[in-house]
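Take a look at the structure below.
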Amino acid sequence: MSLDVSPALLEQAERGEVDEAAFVDCVRTSLPFAWEMISSLVAQLKVDGGSFADNQTPPPDEQARGQLLRALASDAIRGALQRHFGVRLAFQNCHRVAVFPLDSSVDETLDRFTSVRSQLLNQSPELRDC
């Protein structure tokens with residue numbers, strides 16, 4: 001299971017619309033490593049400025065790696081995180097997460113980061129099994 005969904009949140013979903021803040025809180029508590037990674041990158045982007053902030057350190061274990069994969073592979077989770085933090089998220093391999101501001105001036109940098117070329121250049125034998 002990707003998320004630890006409370007009975008109240010599940011009931012809300014069964015009735016219809018879900019409060020996105022409640023969903024984001026569910027993500028925060030269910031995927032703490034992914035939440036902390038993204039939160040720290042958002043903070044780094046705000047402090048340092050620039051066109052993006054990224055992580056290049058592999059997760060400490062498979063549980064943490066799984067949290068990143070679940071957070072960024074789900075359109076609903078990824079979209080909610082992007083709206084919550086006011087950023088665009090990009091992902092390479094099993095650990096390289098980047099946050100980009102919503103500003104269109106960084107579109108070219110985002111396009112380069114998410115390009116096939118960049119994906120190929122970000123490969124290494126150590127990441128084969130991630």
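Residue numbering restarts at 1 in every chain; chains get A, B, ... in the order shown in the structure tokens, and ligands count up from 1 in that same order.
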Can you list every residue in chain A that DSSP puts in strand (DSSP E), as a list in words?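 For chain A, the strand (DSSP E) set is Ala53, Asp54, Val87, Arg88, Leu89, Ala90, Phe91, Gln92, Arg96, Val97, Ala98, Val99, Phe100 and Pro101 of chain A.
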Per DSSP on the backbone, what are the alpha helix (DSSP H) residues of chain A, as a ChimeraX atom specification? /A:7-15,20-30,32-48,62-73,75-85,107-113,116-121
Need the shell around Val97 in chain A: protein/DNA/RNA residues with any atom at most 12 Å away, counting only C-alpha atoms. Skip same-chain ones fewer than 2 positions apart. Format as number ranges by chain? A: 34-42, 52-59, 65, 68-69, 71-73, 78, 88-95, 99-100, 113-114
Can you write just those residues out, C-alpha atoms, as a PDB file, in the first residue's frame?
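What ended up in again-v4.pdb:
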```
ATOM      1  CA  ALA A  34       9.879  11.642   0.179  1.00  0.00           C
ATOM      2  CA  TRP A  35       8.162  14.533   1.968  1.00  0.00           C
ATOM      3  CA  GLU A  36      11.374  15.592   3.688  1.00  0.00           C
ATOM      4  CA  MET A  37      13.380  15.311   0.463  1.00  0.00           C
ATOM      5  CA  ILE A  38      10.949  17.500  -1.468  1.00  0.00           C
ATOM      6  CA  SER A  39      10.479  19.944   1.425  1.00  0.00           C
ATOM      7  CA  SER A  40      14.219  20.429   1.788  1.00  0.00           C
ATOM      8  CA  LEU A  41      14.667  20.970  -1.944  1.00  0.00           C
ATOM      9  CA  VAL A  42      11.877  23.555  -1.961  1.00  0.00           C
ATOM     10  CA  PHE A  52      16.219  24.495  -9.801  1.00  0.00           C
ATOM     11  CA  ALA A  53      17.370  22.537  -6.761  1.00  0.00           C
ATOM     12  CA  ASP A  54      18.057  18.816  -6.930  1.00  0.00           C
ATOM     13  CA  ASN A  55      19.164  15.845  -4.897  1.00  0.00           C
ATOM     14  CA  GLN A  56      21.913  13.562  -6.154  1.00  0.00           C
ATOM     15  CA  THR A  57      22.370  11.422  -3.040  1.00  0.00           C
ATOM     16  CA  PRO A  58      20.807   7.950  -3.219  1.00  0.00           C
ATOM     17  CA  PRO A  59      18.238   7.128  -0.532  1.00  0.00           C
ATOM     18  CA  ARG A  65      13.711   4.662  -2.332  1.00  0.00           C
ATOM     19  CA  LEU A  68      10.306   8.488  -3.641  1.00  0.00           C
ATOM     20  CA  LEU A  69       9.093   6.184  -6.382  1.00  0.00           C
ATOM     21  CA  ALA A  71       5.411   9.870  -4.516  1.00  0.00           C
ATOM     22  CA  LEU A  72       6.686  10.739  -7.970  1.00  0.00           C
ATOM     23  CA  ALA A  73       5.139   7.922  -9.992  1.00  0.00           C
ATOM     24  CA  ARG A  78       2.886  14.315  -7.572  1.00  0.00           C
ATOM     25  CA  ARG A  88       7.220  21.646 -10.631  1.00  0.00           C
ATOM     26  CA  LEU A  89       8.829  18.313  -9.802  1.00  0.00           C
ATOM     27  CA  ALA A  90      11.163  16.358 -12.050  1.00  0.00           C
ATOM     28  CA  PHE A  91      12.619  12.901 -11.460  1.00  0.00           C
ATOM     29  CA  GLN A  92      15.525  10.895 -12.879  1.00  0.00           C
ATOM     30  CA  ASN A  93      16.556   7.381 -11.937  1.00  0.00           C
ATOM     31  CA  CYS A  94      15.551   6.263  -8.474  1.00  0.00           C
ATOM     32  CA  HIS A  95      16.706   9.230  -6.460  1.00  0.00           C
ATOM     33  CA  VAL A  99      12.184  21.137  -7.922  1.00  0.00           C
ATOM     34  CA  PHE A 100      11.683  23.936 -10.400  1.00  0.00           C
ATOM     35  CA  PHE A 113      16.676  18.128 -17.149  1.00  0.00           C
ATOM     36  CA  THR A 114      13.852  15.884 -18.361  1.00  0.00           C
TER      37      THR A 114
END
```
For a quick check of understanding, using only C-alpha atoms, which of A:Glu17, A:Glu11, A:Asp61, A:Asp4 has the smallest distance to Thr29 in chain A?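 The answer is A:Asp4, which sits nearest to Thr29 in chain A.
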Taking only C-alpha atoms into account, which of A:Val106, A:Gln44, A:Leu9, A:Ser2 comes nearest Arg70 in chain A?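 Looking at the shortest contact to Arg70 in chain A, the residue is A:Ser2.
Pairwise distance (CA of Asp107 in chain A, CA of Gln82 in chain A) equals 15.5 Å.
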Let me make sure I understand: among A:Ser51, A:Ala8, A:Ile77, A:Ser30, which one has the smallest atom-to-atom distance to Ala64 in chain A if we use only C-alpha atoms? A:Ser30
